[in-house]
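Participant: Here it is, the structure, as structure tokens.
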Amino acid sequence: MKMLRGVCVCALVGAFAVAGSDAYAQAGSGGQDTPPGDEKQLPTDEVVATREAEKEDDKPVAFTSKSIDQRLEDLDKVPGGADLITDDLYRDRRAADLSDVLRWTPAVYSASRFGNSETRVVIRGSGLRRTFNLIGVRLFQNGIPISEADGNARPQLFDPLTVVATEVYPGGNGLTYGSSLLGGAINFITPTGYDADQFRLRLSSGSDDFQQVQASSGAVLGNGWDYFVSGSQLNNGGFRQDQSQERVWRLYGNIGKRWDDTWETRIHFQSQDNELELPGSLTRAQIRMDPTQPNGFWRARDAERNFNVNRFDVQHTGRFSDGSRLDIGVGAQWLRMHHPLPFLTIRQERTDIAASVRYTGEIAEGNELVVGGIALIGYDRSKQYAPGGTPKNNSTENESMTYEVYIEDRIKLGDSFTLIAGLHGGFADREETVSFDTSNTLVDSDEDYSSINPKIGFLFDASDTTQFYGSISKSWEPPTDGDTINQVGTIDDQTGWTAELGARGRSDDGKTHWQVTGYYSLLDDEILTIQSPPNSGMSITGNADDTVHYGLEVGFEHFLDAELFCRGEHEGDQGFRLRTAYTYTVLRFSGDDSWHSNALPGIPPHLIRSELVYEHPCGFYIGANFEMASTFNVDFANTLRNSKYAIWGATAGYRSPNGWTAFIDAQNLTDRHYASNTGNLADAGGMDTGVFNPGRPFSVFGGIEVTFGNPNRRDDAN
């Protein structure tokens, strides 16, 4: 059945490719949208206006999206650390989960929990309480919220192969998309017919029966239409002895219609089927002995997280002659999950509806305004069963509503100084009804949360290549549905103030780019969760009194010219590219009654990732990389720590000018036994406890990617 599914996906993508090929052949070289001689050809003034809006990149761009150059310009308007990750930074290696994409971004701690798509993501200590799923950071896709209404997000749904770029806005910088969360916002940008290859096929394979296939197609059709569609299948045996297997089938696509020189509508659809085995956590001693072994208790109960998801989004964008734009989006997601665990089985059905509106424009000379709103509504119904499938003692119904409005004004004061002032207002409602089947009793909870969150910042252009920035902002995070389970008293919303200061720049020749950001956060009522006891499925959630988060984020990239091999007939740069991301993070209690000034557990204070690659203009490249993390606590009492580690990797490949790429990606070359991430405990008492998740052992992945007919590479694209 799964093979039939894969064949159907490839056939569907192939059909779109043929359709796109025919349409593009009809279009010829005379225009980007409409075949020459078509009676419905767009008016001349529309074509001129469209090309005028796109001339900056010399490539046609969907109105509902932005070019990479435009997104890079947006980063220079942010009074704090931010990053843009384009897909060419990870497509030439293993690209299966969110950690493969975010690993080179300062401020971000990302690690695959069990060596598969379940990824833990923490930004500036956000969502530290949750070791599964993702909270404390709002996720968007094409500017439309894809986090659930209560703030929970599922990184397993992310497909790196259907994202052309990823925007990361840590902390208060996420206000540009309406996020008030401590971790900020991440926005995934999917391809359209304007920036996709007409046909792309990717095949990759590797250690532990890893197999990944993707076929995609995109093109600009006649009469203002364009499309992109992708089908992919991932089979990952996992390295945890037949208890970390993963099988994922994904279909994604979008269809766009450009109505005139101002308005464009785009419809997105996606469907996923995920089957994921959970091997559980180990002790440090077990990892030193054999990191591939699963937790015996979890294996005996065949722990899994299986779900299917369908999502539908509609975007409507207007780009106006004065340079302003209006983005309107609505989306709906339906999720069904079957989640057997050692201690219970959860069956869940969830529906989420999202709506967003965002206006950006210059309201006066040197005065740029961003204003918008977000509305999220979610309904969740789950039933719990004891191991073996017998009914447990309760079922849960949750209703979540989150409404937010925001405004950010950038006022240019002189040639080199810009003042940024912003304001965010949020309201959230969390309703929970728990039905105890054994006693026919109900427990109802209904809590409202609201907050007004200001922001002020500045940009100072010291030169054409160096910019200083700083800001002070208030963060706000209401609890998720999961926070209300086994809570201690009433859960308050988490608030805090963050100050950040930094600089970014580039060399005159453009071969060096750097960014340095320091931040300091004072949090009130930080929401924290602990396992009690470990691996029992039981947890306790409550608010801390006061906590402090601070750190330093450094990103650096440099290209060093070095002619090691004869150029021959090949023109272009030849040399070494160095890329480094360093994140320093300190998370502490501040005079807590129970934990005093102890460090918060969960992530390393020091994390550095670096890569040095030699590139030849013919397309050949080879390089080495390493990751190093310091030791950190895994309990609030600070009696048990994860060991520090350093792992090495290597990569090599060839990018052909004829449209195909081949790569080899080797990881953990020394086969180091280490824990890449952990759970959180209250007090381990110094005892080696099973909360450590081993990192991937020595592994090798390889693949080939073939592309045909990217219209944006044509000389006559505009």
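Residues in the structure tokens are named by chain (A, B, ... in the order shown) and by number from 1 within that chain; ligands are numbered from 1 in the order shown.
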Run DSSP on the backbone and give me the residues of segment 231-320 of chain A it puts in alpha helix (DSSP H), as JSON, numbers by chain.
Facilitator: {"A": [284, 285, 286, 287, 288, 289, 296, 297, 298, 299, 300]}
Participant: For the residues in the current selection, export N, CA and C atoms as a PDB file, in the first residue's frame.
Facilitator:
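Printed below is again_26.pdb as written:
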ATOM      1  N   ARG A 284      23.474   7.295  31.350  1.00  0.00           N
ATOM      2  CA  ARG A 284      24.789   7.577  30.768  1.00  0.00           C
ATOM      3  C   ARG A 284      25.597   6.297  30.607  1.00  0.00           C
ATOM      4  N   ALA A 285      25.504   5.399  31.575  1.00  0.00           N
ATOM      5  CA  ALA A 285      26.252   4.139  31.503  1.00  0.00           C
ATOM      6  C   ALA A 285      25.791   3.306  30.316  1.00  0.00           C
ATOM      7  N   GLN A 286      24.494   3.276  30.056  1.00  0.00           N
ATOM      8  CA  GLN A 286      23.980   2.521  28.916  1.00  0.00           C
ATOM      9  C   GLN A 286      24.473   3.110  27.603  1.00  0.00           C
ATOM     10  N   ILE A 287      24.555   4.436  27.523  1.00  0.00           N
ATOM     11  CA  ILE A 287      25.046   5.066  26.298  1.00  0.00           C
ATOM     12  C   ILE A 287      26.520   4.753  26.079  1.00  0.00           C
ATOM     13  N   ARG A 288      27.310   4.791  27.149  1.00  0.00           N
ATOM     14  CA  ARG A 288      28.729   4.456  27.005  1.00  0.00           C
ATOM     15  C   ARG A 288      28.907   3.022  26.531  1.00  0.00           C
ATOM     16  N   MET A 289      28.049   2.123  26.995  1.00  0.00           N
ATOM     17  CA  MET A 289      28.153   0.715  26.623  1.00  0.00           C
ATOM     18  C   MET A 289      27.648   0.470  25.201  1.00  0.00           C
ATOM     19  N   GLY A 296      14.440  -0.656  27.394  1.00  0.00           N
ATOM     20  CA  GLY A 296      13.745  -1.949  27.389  1.00  0.00           C
ATOM     21  C   GLY A 296      12.263  -1.837  27.656  1.00  0.00           C
ATOM     22  N   PHE A 297      11.869  -0.948  28.559  1.00  0.00           N
ATOM     23  CA  PHE A 297      10.466  -0.767  28.890  1.00  0.00           C
ATOM     24  C   PHE A 297       9.703  -0.217  27.694  1.00  0.00           C
ATOM     25  N   TRP A 298      10.288   0.764  26.999  1.00  0.00           N
ATOM     26  CA  TRP A 298       9.625   1.354  25.838  1.00  0.00           C
ATOM     27  C   TRP A 298       9.549   0.353  24.684  1.00  0.00           C
ATOM     28  N   ARG A 299      10.598  -0.456  24.538  1.00  0.00           N
ATOM     29  CA  ARG A 299      10.575  -1.438  23.445  1.00  0.00           C
ATOM     30  C   ARG A 299       9.542  -2.520  23.716  1.00  0.00           C
ATOM     31  N   ALA A 300       9.422  -2.948  24.960  1.00  0.00           N
ATOM     32  CA  ALA A 300       8.467  -4.007  25.294  1.00  0.00           C
ATOM     33  C   ALA A 300       7.034  -3.562  25.029  1.00  0.00           C
TER      34      ALA A 300
END
Participant: May I have the residues within 12 Å of Asn658 of chain A as a PyMOL selection string, using only C-alpha atoms and disregarding those fewer than 6 positions away in the same chain?
Facilitator: chain A and resi 618-619+705-710
Participant: Emit the selected residues as a PDB file, in the first residue's frame, including N, CA and C atoms.
Facilitator:
ATOM      1  N   CYS A 618      34.645  24.368 -10.793  1.00  0.00           N
ATOM      2  CA  CYS A 618      34.056  23.338 -11.657  1.00  0.00           C
ATOM      3  C   CYS A 618      32.828  22.696 -11.021  1.00  0.00           C
ATOM      4  N   GLY A 619      32.634  22.907  -9.690  1.00  0.00           N
ATOM      5  CA  GLY A 619      31.492  22.340  -8.995  1.00  0.00           C
ATOM      6  C   GLY A 619      31.862  21.346  -7.922  1.00  0.00           C
ATOM      7  N   GLU A 705      20.669  14.496  -6.886  1.00  0.00           N
ATOM      8  CA  GLU A 705      19.520  15.340  -7.167  1.00  0.00           C
ATOM      9  C   GLU A 705      19.638  15.844  -8.599  1.00  0.00           C
ATOM     10  N   VAL A 706      18.568  15.701  -9.348  1.00  0.00           N
ATOM     11  CA  VAL A 706      18.556  16.092 -10.753  1.00  0.00           C
ATOM     12  C   VAL A 706      17.450  17.117 -10.961  1.00  0.00           C
ATOM     13  N   THR A 707      17.778  18.219 -11.647  1.00  0.00           N
ATOM     14  CA  THR A 707      16.794  19.260 -11.920  1.00  0.00           C
ATOM     15  C   THR A 707      16.758  19.557 -13.413  1.00  0.00           C
ATOM     16  N   PHE A 708      15.578  19.966 -13.855  1.00  0.00           N
ATOM     17  CA  PHE A 708      15.378  20.340 -15.248  1.00  0.00           C
ATOM     18  C   PHE A 708      14.579  21.630 -15.313  1.00  0.00           C
ATOM     19  N   GLY A 709      14.992  22.532 -16.186  1.00  0.00           N
ATOM     20  CA  GLY A 709      14.151  23.633 -16.642  1.00  0.00           C
ATOM     21  C   GLY A 709      13.697  24.608 -15.587  1.00  0.00           C
ATOM     22  N   ASN A 710      14.629  25.247 -14.896  1.00  0.00           N
ATOM     23  CA  ASN A 710      14.238  26.351 -14.021  1.00  0.00           C
ATOM     24  C   ASN A 710      14.098  27.611 -14.866  1.00  0.00           C
TER      25      ASN A 710
END
Participant: Contacts of Thr402 of chain A at 8 Å or less, counting only C-alpha atoms, minus same-chain residues fewer than 2 places along, as JSON, numbers by chain?
Facilitator: {"A": [149, 150, 374, 375, 376, 377, 400, 404, 426, 427, 428, 429]}
Participant: Mind dumping the selected residues with N, CA, C and O atoms as a PDB file, in the first residue's frame?
Facilitator:
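Output file result-v5.pdb is given in full below:
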ATOM      1  N   ALA A 149      -3.307  26.430  18.135  1.00  0.00           N
ATOM      2  CA  ALA A 149      -3.891  27.600  18.787  1.00  0.00           C
ATOM      3  C   ALA A 149      -3.377  27.805  20.200  1.00  0.00           C
ATOM      4  O   ALA A 149      -3.333  28.936  20.692  1.00  0.00           O
ATOM      5  N   ASP A 150      -2.967  26.746  20.888  1.00  0.00           N
ATOM      6  CA  ASP A 150      -2.476  26.885  22.261  1.00  0.00           C
ATOM      7  C   ASP A 150      -0.981  27.155  22.321  1.00  0.00           C
ATOM      8  O   ASP A 150      -0.418  27.307  23.405  1.00  0.00           O
ATOM      9  N   ILE A 374      -3.436  38.352  14.397  1.00  0.00           N
ATOM     10  CA  ILE A 374      -3.471  36.891  14.304  1.00  0.00           C
ATOM     11  C   ILE A 374      -4.659  36.396  15.123  1.00  0.00           C
ATOM     12  O   ILE A 374      -4.897  36.880  16.237  1.00  0.00           O
ATOM     13  N   ALA A 375      -5.394  35.440  14.589  1.00  0.00           N
ATOM     14  CA  ALA A 375      -6.469  34.780  15.321  1.00  0.00           C
ATOM     15  C   ALA A 375      -6.302  33.273  15.175  1.00  0.00           C
ATOM     16  O   ALA A 375      -6.177  32.768  14.054  1.00  0.00           O
ATOM     17  N   LEU A 376      -6.284  32.556  16.305  1.00  0.00           N
ATOM     18  CA  LEU A 376      -6.083  31.106  16.308  1.00  0.00           C
ATOM     19  C   LEU A 376      -7.165  30.464  17.160  1.00  0.00           C
ATOM     20  O   LEU A 376      -7.401  30.876  18.305  1.00  0.00           O
ATOM     21  N   ILE A 377      -7.802  29.450  16.626  1.00  0.00           N
ATOM     22  CA  ILE A 377      -8.837  28.713  17.349  1.00  0.00           C
ATOM     23  C   ILE A 377      -8.554  27.225  17.181  1.00  0.00           C
ATOM     24  O   ILE A 377      -8.336  26.748  16.056  1.00  0.00           O
ATOM     25  N   SER A 400      -8.954  26.088  22.634  1.00  0.00           N
ATOM     26  CA  SER A 400      -7.938  27.132  22.780  1.00  0.00           C
ATOM     27  C   SER A 400      -8.243  28.258  21.805  1.00  0.00           C
ATOM     28  O   SER A 400      -8.567  28.015  20.642  1.00  0.00           O
ATOM     29  N   GLU A 404      -4.197  38.120  18.736  1.00  0.00           N
ATOM     30  CA  GLU A 404      -3.082  39.047  18.916  1.00  0.00           C
ATOM     31  C   GLU A 404      -3.127  40.136  17.845  1.00  0.00           C
ATOM     32  O   GLU A 404      -3.449  39.861  16.687  1.00  0.00           O
ATOM     33  N   GLY A 426      -2.174  40.857  23.369  1.00  0.00           N
ATOM     34  CA  GLY A 426      -2.617  39.480  23.201  1.00  0.00           C
ATOM     35  C   GLY A 426      -3.681  39.087  24.207  1.00  0.00           C
ATOM     36  O   GLY A 426      -3.685  39.552  25.361  1.00  0.00           O
ATOM     37  N   PHE A 427      -4.593  38.222  23.769  1.00  0.00           N
ATOM     38  CA  PHE A 427      -5.609  37.631  24.633  1.00  0.00           C
ATOM     39  C   PHE A 427      -5.683  36.148  24.324  1.00  0.00           C
ATOM     40  O   PHE A 427      -5.652  35.743  23.156  1.00  0.00           O
ATOM     41  N   ALA A 428      -5.762  35.320  25.373  1.00  0.00           N
ATOM     42  CA  ALA A 428      -5.833  33.875  25.186  1.00  0.00           C
ATOM     43  C   ALA A 428      -6.851  33.280  26.145  1.00  0.00           C
ATOM     44  O   ALA A 428      -6.994  33.740  27.288  1.00  0.00           O
ATOM     45  N   ASP A 429      -7.538  32.277  25.677  1.00  0.00           N
ATOM     46  CA  ASP A 429      -8.498  31.539  26.503  1.00  0.00           C
ATOM     47  C   ASP A 429      -8.182  30.052  26.404  1.00  0.00           C
ATOM     48  O   ASP A 429      -7.988  29.523  25.298  1.00  0.00           O
TER      49      ASP A 429
END
Participant: Report the residues of segment 107-305 of chain A whose backbone DSSP state falls under strand (DSSP E or B), written as an MDAnalysis selection string.
Facilitator: chainID A and resid 108:112 119:123 134 138:141 144:145 153 165:169 185:189 199:206 210:220 225:236 246:258 263:277 282 304:305
Participant: Can you work out which one of A:Trp259, A:Phe199, A:Phe458, A:Tyr519 has the shortest atom-to-atom distance to Asn223 of chain A, counting only C-alpha atoms?
Facilitator: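 Nearest candidate to Asn223 of chain A out of A:Trp259, A:Phe199, A:Phe458, A:Tyr519: A:Trp259.
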Participant: Give me the residues within 10 Å of Trp497 of chain A as an MDAnalysis selection string, counting only C-alpha atoms and dropping any in the same chain fewer than 5 places off.
Facilitator: chainID A and resid 172 182 453:455 472:476 520:524 548
Participant: Write a file of the selected residues as a short mmCIF file (atom, residue, chain, number, x, y, z; two decimals), in the first residue's frame, keeping all heavy atoms.
Facilitator:
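Output contents, as saved in selection.cif:
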data_model
loop_
_atom_site.label_atom_id
_atom_site.label_comp_id
_atom_site.auth_asym_id
_atom_site.auth_seq_id
_atom_site.Cartn_x
_atom_site.Cartn_y
_atom_site.Cartn_z
N GLY A 172 12.25 39.20 20.79
CA GLY A 172 11.36 40.29 20.41
C GLY A 172 11.41 40.63 18.94
O GLY A 172 10.54 41.35 18.45
N LEU A 182 9.07 34.27 23.93
CA LEU A 182 10.47 34.45 24.29
C LEU A 182 11.40 33.99 23.17
O LEU A 182 12.44 34.60 22.92
CB LEU A 182 10.77 33.66 25.57
CG LEU A 182 12.22 33.67 26.05
CD1 LEU A 182 12.64 35.07 26.49
CD2 LEU A 182 12.39 32.68 27.20
N ASN A 453 2.37 44.34 25.37
CA ASN A 453 3.80 44.09 25.31
C ASN A 453 4.49 45.11 24.40
O ASN A 453 4.41 45.01 23.17
CB ASN A 453 4.05 42.67 24.78
CG ASN A 453 3.17 41.65 25.48
OD1 ASN A 453 3.24 41.50 26.69
ND2 ASN A 453 2.32 40.97 24.73
N PRO A 454 5.18 46.08 24.98
CA PRO A 454 5.86 47.11 24.17
C PRO A 454 7.26 46.68 23.72
O PRO A 454 7.84 45.72 24.24
CB PRO A 454 5.94 48.30 25.12
CG PRO A 454 5.99 47.68 26.49
CD PRO A 454 5.19 46.40 26.41
N LYS A 455 7.78 47.43 22.78
CA LYS A 455 9.14 47.20 22.26
C LYS A 455 9.69 48.52 21.76
O LYS A 455 8.96 49.32 21.15
CB LYS A 455 9.12 46.18 21.12
CG LYS A 455 10.44 46.03 20.38
CD LYS A 455 10.32 45.10 19.19
CE LYS A 455 11.59 45.05 18.37
NZ LYS A 455 11.48 44.13 17.21
N ILE A 472 14.75 46.77 23.52
CA ILE A 472 14.16 46.28 24.77
C ILE A 472 12.72 45.90 24.45
O ILE A 472 11.97 46.68 23.85
CB ILE A 472 14.20 47.36 25.87
CG1 ILE A 472 15.64 47.75 26.19
CG2 ILE A 472 13.49 46.86 27.13
CD1 ILE A 472 15.75 48.89 27.19
N SER A 473 12.33 44.69 24.82
CA SER A 473 10.99 44.21 24.47
C SER A 473 10.43 43.35 25.59
O SER A 473 11.17 42.75 26.38
CB SER A 473 11.03 43.40 23.16
OG SER A 473 11.89 42.28 23.29
N LYS A 474 9.12 43.29 25.64
CA LYS A 474 8.43 42.44 26.61
C LYS A 474 7.90 41.21 25.91
O LYS A 474 7.30 41.29 24.83
CB LYS A 474 7.28 43.20 27.27
CG LYS A 474 6.56 42.39 28.36
CD LYS A 474 5.35 43.14 28.91
CE LYS A 474 4.62 42.29 29.95
NZ LYS A 474 3.36 42.96 30.41
N SER A 475 8.13 40.05 26.51
CA SER A 475 7.61 38.79 25.97
C SER A 475 6.41 38.33 26.79
O SER A 475 6.27 38.67 27.96
CB SER A 475 8.69 37.72 25.96
OG SER A 475 9.13 37.43 27.28
N TRP A 476 5.58 37.54 26.14
CA TRP A 476 4.37 37.02 26.79
C TRP A 476 4.06 35.65 26.22
O TRP A 476 4.08 35.45 25.01
CB TRP A 476 3.20 37.97 26.56
CG TRP A 476 1.87 37.44 27.01
CD1 TRP A 476 1.48 37.19 28.30
CD2 TRP A 476 0.74 37.11 26.19
NE1 TRP A 476 0.18 36.72 28.33
CE2 TRP A 476 -0.30 36.68 27.05
CE3 TRP A 476 0.51 37.16 24.82
CZ2 TRP A 476 -1.55 36.28 26.57
CZ3 TRP A 476 -0.73 36.76 24.34
CH2 TRP A 476 -1.75 36.33 25.20
N TYR A 520 19.81 39.78 27.42
CA TYR A 520 19.59 39.54 28.85
C TYR A 520 18.09 39.60 29.09
O TYR A 520 17.44 40.60 28.79
CB TYR A 520 20.31 40.60 29.69
CG TYR A 520 20.37 40.28 31.16
CD1 TYR A 520 21.48 39.64 31.71
CD2 TYR A 520 19.33 40.62 32.02
CE1 TYR A 520 21.55 39.36 33.07
CE2 TYR A 520 19.39 40.34 33.37
CZ TYR A 520 20.51 39.70 33.89
OH TYR A 520 20.57 39.40 35.24
N SER A 521 17.53 38.51 29.64
CA SER A 521 16.09 38.40 29.87
C SER A 521 15.79 38.18 31.34
O SER A 521 16.41 37.32 31.98
CB SER A 521 15.49 37.25 29.06
OG SER A 521 15.68 37.42 27.68
N LEU A 522 14.85 38.95 31.88
CA LEU A 522 14.33 38.76 33.23
C LEU A 522 12.90 38.25 33.09
O LEU A 522 12.03 38.95 32.57
CB LEU A 522 14.35 40.07 34.01
CG LEU A 522 15.72 40.68 34.31
CD1 LEU A 522 15.56 42.07 34.93
CD2 LEU A 522 16.51 39.78 35.24
N LEU A 523 12.65 37.01 33.55
CA LEU A 523 11.35 36.37 33.36
C LEU A 523 10.60 36.28 34.67
O LEU A 523 11.19 36.02 35.73
CB LEU A 523 11.52 34.98 32.76
CG LEU A 523 12.27 34.87 31.44
CD1 LEU A 523 12.26 33.44 30.94
CD2 LEU A 523 11.67 35.80 30.40
N ASP A 524 9.31 36.44 34.58
CA ASP A 524 8.41 36.32 35.72
C ASP A 524 7.42 35.19 35.43
O ASP A 524 6.81 35.15 34.36
CB ASP A 524 7.67 37.64 35.95
CG ASP A 524 6.84 37.63 37.22
OD1 ASP A 524 7.20 36.91 38.17
OD2 ASP A 524 5.82 38.34 37.26
N VAL A 548 16.36 34.05 35.11
CA VAL A 548 17.20 34.91 34.28
C VAL A 548 17.74 34.10 33.11
O VAL A 548 18.24 32.98 33.31
CB VAL A 548 18.36 35.50 35.09
CG1 VAL A 548 19.28 36.31 34.19
CG2 VAL A 548 17.85 36.36 36.23
#
Participant: May I have the residues within 7 Å of segment 650-656 of chain A as a list in words, using only C-alpha atoms and disregarding those fewer than 6 positions away in the same chain?
Facilitator: Gly619, Phe620, Tyr621, Ile622, Gly623, Ala624, Asn625, Ala662, Phe663, Ile664, Asp665, Ala666 and Gln667 of chain A
Participant: Let me see the file: selected residues, N, CA, C and O atoms, as a short mmCIF file (atom, residue, chain, number, x, y, z; two decimals), in the first residue's frame.
Facilitator:
data_model
loop_
_atom_site.label_atom_id
_atom_site.label_comp_id
_atom_site.auth_asym_id
_atom_site.auth_seq_id
_atom_site.Cartn_x
_atom_site.Cartn_y
_atom_site.Cartn_z
N GLY A 619 32.63 22.91 -9.69
CA GLY A 619 31.49 22.34 -9.00
C GLY A 619 31.86 21.35 -7.92
O GLY A 619 31.02 20.96 -7.11
N PHE A 620 33.12 20.94 -7.87
CA PHE A 620 33.57 19.98 -6.87
C PHE A 620 33.80 20.68 -5.52
O PHE A 620 34.27 21.80 -5.45
N TYR A 621 33.44 20.01 -4.42
CA TYR A 621 33.70 20.54 -3.09
C TYR A 621 33.98 19.39 -2.12
O TYR A 621 33.51 18.26 -2.29
N ILE A 622 34.73 19.69 -1.07
CA ILE A 622 35.04 18.72 -0.02
C ILE A 622 35.33 19.49 1.26
O ILE A 622 35.90 20.60 1.21
N GLY A 623 34.88 18.98 2.39
CA GLY A 623 35.08 19.71 3.62
C GLY A 623 34.90 18.87 4.86
O GLY A 623 34.54 17.69 4.80
N ALA A 624 35.18 19.50 6.00
CA ALA A 624 35.04 18.87 7.30
C ALA A 624 34.26 19.80 8.21
O ALA A 624 34.28 21.03 8.05
N ASN A 625 33.56 19.23 9.19
CA ASN A 625 32.79 20.02 10.13
C ASN A 625 32.87 19.40 11.52
O ASN A 625 33.21 18.22 11.66
N ALA A 662 25.54 15.51 -6.79
CA ALA A 662 25.77 14.29 -6.03
C ALA A 662 26.53 14.64 -4.76
O ALA A 662 27.38 15.53 -4.77
N PHE A 663 26.21 13.97 -3.65
CA PHE A 663 26.85 14.32 -2.39
C PHE A 663 27.06 13.09 -1.52
O PHE A 663 26.37 12.06 -1.66
N ILE A 664 28.03 13.21 -0.60
CA ILE A 664 28.26 12.25 0.47
C ILE A 664 28.38 13.04 1.77
O ILE A 664 29.10 14.04 1.83
N ASP A 665 27.68 12.59 2.79
CA ASP A 665 27.65 13.28 4.08
C ASP A 665 27.95 12.25 5.17
O ASP A 665 27.15 11.35 5.42
N ALA A 666 29.12 12.37 5.80
CA ALA A 666 29.52 11.45 6.87
C ALA A 666 29.44 12.17 8.21
O ALA A 666 29.92 13.29 8.35
N GLN A 667 28.85 11.51 9.21
CA GLN A 667 28.65 12.13 10.52
C GLN A 667 29.26 11.27 11.62
O GLN A 667 29.30 10.05 11.53
#
Participant: What's the 9 Å shell around Gln156 of chain A, counting only C-alpha atoms, without same-chain residues fewer than 5 positions away, as number ranges by chain?
Facilitator: A: 97-98, 116-119, 133, 274
Participant: Within 10 Å of Ser232 of chain A, counting only C-alpha atoms, which residues show up once you throw out same-chain ones fewer than 4 positions away? Write them as an MDAnalysis selection string, please.
Facilitator: chainID A and resid 6 9:10 159 161:162 201:203 212:216 248:252 272
Participant: In terms of the shortest atom-to-atom distance over only C-alpha atoms, which of A:Val314, A:Val229, A:Leu341, A:Leu276 is closest to Asp242 of chain A?
Facilitator: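 Checking each of A:Val314, A:Val229, A:Leu341, A:Leu276 against Asp242 of chain A, counting only C-alpha atoms, the winner is A:Leu276.
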Participant: Separation of atom CA of Gly80 of chain A and atom CA of Leu181 of chain A, in Å?
Facilitator: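 So the answer is 15.0 Å.
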Participant: Calculate how many Å separate atom CA of Phe210 of chain A from atom CA of Ala95 of chain A, rounding to one decimal.
Facilitator: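 Between atom CA of Phe210 of chain A and atom CA of Ala95 of chain A the gap works out to 11.4 Å.
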